[in-house]
Amino acid sequence: MSKKITFNQKLSSLLVAALIALSISSCSQSTNTTEQSTKINSNSRLGTVKSRGTLICGVNGQLPGFSFINENGEYSGIDVDLCRAIAAALFDDPSKVEFRDLSAQERFTAVISGEVDLLSRNTTWTVSRDTSVGMEFAPTTFYDGQGIMTTKSSKVTKLEDLNEKSICALSGTTTEQNLADRMRKLGITYEPVVFDDPDAVYTAYEQGRCEAVTSDRSQLTARRAVLANPQEHELLEEVLSKEPLGPLVANGDNQWFDAVKWITYALIQAEEFGITSANLSSFENTEDPQIQRFLGQVGNLGEDMGLPNDFAARVIKNVGNYGEIYERNIGQPFGLERGLNNLWTNGGLLYSPPFR
């Protein structure tokens with residue numbers, strides 16, 4: 001038996017259908033609005049940097065291998081190349097960077113105040129810096145550990161031999177606390193000699209004002225190479241701490257953080273794919289869908305976060321992949337093996353999430 005439908009019932013059905021359609025349309029418009037706001041965020045530093053046309057990068061400026069002025073009067077180092085990679089991704093020009101030397105004491109203030117767009121200054125990722133200090137750490141670009149350097153003539157071969165001796169260190173760093181913690185644990189009494197300037201630390205050590213100097217092992221290796229008589233100094237075998245170093249930005253700006261994060265990951269992924277500055281052109285006609293997405297040949301991975309789709313290709317073309325950067329700044333000059341700074345496929349800790 002059929003059911004008779006009245007005019008009022010028809011009207012009610014039409015109204016319900018209209019409301020459902022309006023609801024679906026509103027959801028769609030809301031989604032589109034959200035996608036647009038993700039691509040263009042006027043409050044993000046990403047937009048500020050793009051409009052300015054130059055990246056302002058805080059660096060150490062006094063650390064060979066990481067950031068320093070080379071013999072040609074140019075900034076050089078692994079931290080410097082990270083800044084250039086970001087400039088290359090944004091502007092297709094690695095020279096569009098203004099470097100600002102920052103001390104350990106002023107580096108975080110410079111980031112929070114907006115004096116610099118990001119910090120790429122051999123800075124250790126710690127829980128307090130990541131939370132209470134207000135920093136946001138991008139992927140680790142160098143896994144390090146704190147060490148101690150002494151003169152061979154001192155006959156110091158282990159930490160216990162430094163009892164009642166003086167040790168130079170840079171103030172305002174995790175180095176002071178790590179040393180104090182380890183010495184307290186071992187019951188060793190020592191005299192800390194601290195300075196605000198890295199050059200002052202090593203000058204004091206070389207002049208004999210302290211009997212040992214402590215810092216990240218990579219820094220000690222680099223600094224030993226420029227001492228008057230490098231062969232007279234050696235690093236102890238002990239590693240005092242974990243020191244994951246990498247770039248960081250101010251907390252609360254997701255779009256800028258995402259850009260810095262994925263540009264950094266692009267350096268690592270490029271090496272895993274085997275793409276270098278020398279062979280990049282050979283991938284122009286690749287049929288590998290992963291590499292096509294990575295290089296921006298298909299998809300919108302770049303545009304979805306406010307970057308050019310070919311941002312990874314720009315980085316590789318202008319700066320190279322992570323392996324090239326490491327070899328150029330650390331491997332060749334100082335003979336420091338990659339160790340933990342190898343790709344995960346080679347037994348190291350470097351690992352990029354998928355580009356998809």
# chains A, B, ... in the order shown; residues from 1 in each chain; ligands from 1

$ residues_around --residues "region 241-253 of chain A" --least-positions-apart "5" --cutoff "9 Å" --atoms "only C-alpha atoms" --output "number ranges by chain"
A: 43-46, 79, 82-83, 108, 111-114, 116-126, 130-131, 134-147, 174-175, 178-179, 216, 258, 260-261, 264

$ write_last_selection --atoms "C-alpha atoms" --output "PDB file, in the first residue's frame"
ATOM      1  CA  ASN A  43      51.819  36.195  10.301  1.00  0.00           C
ATOM      2  CA  SER A  44      54.560  33.682   9.584  1.00  0.00           C
ATOM      3  CA  ARG A  45      58.217  34.622   9.334  1.00  0.00           C
ATOM      4  CA  LEU A  46      58.243  32.673   6.076  1.00  0.00           C
ATOM      5  CA  ASP A  79      76.066  25.603   9.729  1.00  0.00           C
ATOM      6  CA  LEU A  82      72.449  25.068   6.063  1.00  0.00           C
ATOM      7  CA  CYS A  83      71.585  28.780   5.923  1.00  0.00           C
ATOM      8  CA  PHE A 108      68.441  32.697  22.006  1.00  0.00           C
ATOM      9  CA  VAL A 111      65.902  34.413  17.830  1.00  0.00           C
ATOM     10  CA  ILE A 112      63.016  35.276  20.167  1.00  0.00           C
ATOM     11  CA  SER A 113      63.294  39.025  19.494  1.00  0.00           C
ATOM     12  CA  GLY A 114      63.286  38.456  15.738  1.00  0.00           C
ATOM     13  CA  VAL A 116      67.541  36.715  13.217  1.00  0.00           C
ATOM     14  CA  ASP A 117      65.190  34.433  11.290  1.00  0.00           C
ATOM     15  CA  LEU A 118      66.843  31.298  12.557  1.00  0.00           C
ATOM     16  CA  LEU A 119      69.871  30.116  14.480  1.00  0.00           C
ATOM     17  CA  SER A 120      72.383  27.760  12.872  1.00  0.00           C
ATOM     18  CA  ARG A 121      75.076  27.864  15.508  1.00  0.00           C
ATOM     19  CA  ASN A 122      76.313  24.461  16.808  1.00  0.00           C
ATOM     20  CA  THR A 123      73.535  24.521  19.398  1.00  0.00           C
ATOM     21  CA  THR A 124      72.594  21.446  21.432  1.00  0.00           C
ATOM     22  CA  TRP A 125      68.976  20.286  21.508  1.00  0.00           C
ATOM     23  CA  THR A 126      67.921  19.964  25.158  1.00  0.00           C
ATOM     24  CA  ASP A 130      62.980  23.209  23.568  1.00  0.00           C
ATOM     25  CA  THR A 131      60.393  24.161  26.194  1.00  0.00           C
ATOM     26  CA  GLY A 134      60.994  28.921  23.735  1.00  0.00           C
ATOM     27  CA  MET A 135      62.987  27.349  20.902  1.00  0.00           C
ATOM     28  CA  GLU A 136      61.848  24.928  18.192  1.00  0.00           C
ATOM     29  CA  PHE A 137      64.594  22.585  17.018  1.00  0.00           C
ATOM     30  CA  ALA A 138      64.712  21.441  13.395  1.00  0.00           C
ATOM     31  CA  PRO A 139      66.323  18.064  12.521  1.00  0.00           C
ATOM     32  CA  THR A 140      69.742  17.362  13.971  1.00  0.00           C
ATOM     33  CA  THR A 141      72.475  18.039  11.413  1.00  0.00           C
ATOM     34  CA  PHE A 142      75.428  16.892  13.501  1.00  0.00           C
ATOM     35  CA  TYR A 143      75.527  14.272  16.260  1.00  0.00           C
ATOM     36  CA  ASP A 144      78.355  15.139  18.588  1.00  0.00           C
ATOM     37  CA  GLY A 145      79.594  14.511  22.106  1.00  0.00           C
ATOM     38  CA  GLN A 146      81.579  16.552  24.591  1.00  0.00           C
ATOM     39  CA  GLY A 147      85.261  15.784  24.943  1.00  0.00           C
ATOM     40  CA  THR A 174      75.833  23.006  28.219  1.00  0.00           C
ATOM     41  CA  THR A 175      79.562  22.307  28.388  1.00  0.00           C
ATOM     42  CA  ASN A 178      78.147  18.489  31.630  1.00  0.00           C
ATOM     43  CA  LEU A 179      81.686  18.817  32.956  1.00  0.00           C
ATOM     44  CA  ASP A 216      82.189  19.275  21.591  1.00  0.00           C
ATOM     45  CA  ASP A 258      57.956  23.357   8.738  1.00  0.00           C
ATOM     46  CA  VAL A 260      63.210  24.994   7.839  1.00  0.00           C
ATOM     47  CA  LYS A 261      62.546  21.406   8.931  1.00  0.00           C
ATOM     48  CA  THR A 264      66.944  20.333   6.243  1.00  0.00           C
TER      49      THR A 264
END

$ residues_around --residues "Leu227 (chain A)" --least-positions-apart "6" --cutoff "10 Å" --atoms "only C-alpha atoms" --output "list of chain:residue names"
A:Tyr202, A:Thr203, A:Glu206, A:His233

$ residues_around --residues "Lys165 (chain A)" --least-positions-apart "2" --cutoff "8 Å" --atoms "only C-alpha atoms" --output "CSV table (one decimal) with N, CA and C atoms, in the first residue's frame"
chain,number,residue,atom,x,y,z
A,162,LEU,N,92.9,14.6,35.8
A,162,LEU,CA,92.6,16.0,35.9
A,162,LEU,C,92.3,16.5,37.3
A,163,ASN,N,92.4,15.6,38.2
A,163,ASN,CA,92.1,16.0,39.6
A,163,ASN,C,93.0,17.1,40.1
A,167,ILE,N,90.5,23.6,34.0
A,167,ILE,CA,89.9,23.2,32.7
A,167,ILE,C,89.2,24.4,32.1
A,189,THR,N,88.0,16.9,41.9
A,189,THR,CA,88.0,18.3,42.1
A,189,THR,C,88.8,19.0,41.0
A,190,TYR,N,88.2,20.0,40.4
A,190,TYR,CA,89.0,20.7,39.4
A,190,TYR,C,88.6,22.2,39.4
A,191,GLU,N,89.4,23.0,38.7
A,191,GLU,CA,89.2,24.5,38.7
A,191,GLU,C,88.6,24.9,37.3
A,210,CYS,N,95.2,27.1,31.5
A,210,CYS,CA,94.5,25.9,32.0
A,210,CYS,C,95.2,24.7,31.4
A,211,GLU,N,95.0,23.6,32.1
A,211,GLU,CA,95.7,22.4,31.7
A,211,GLU,C,94.9,21.5,30.8

$ select_by_dssp --residues "region 99-313 of chain A" --states "alpha helix (DSSP H)" --output "ChimeraX atom specification"
/A:107-113,127-130,174-186,198-206,217-225,254-273,289-294,311-313

$ closest_residue --among "A:Glu234, A:Asp197, A:Asp304, A:Glu271" --to "Thr150 (chain A)" --atoms "only C-alpha atoms"
A:Glu234

$ residues_around --residues "Ala88 (chain A)" --least-positions-apart "5" --cutoff "7 Å" --atoms "only C-alpha atoms" --output "number ranges by chain"
A: 93-94, 314-315, 318

$ atom_distance --atom1 "CA of Lys50 (chain A)" --atom2 "CA of Ala312 (chain A)"
16.9 Å
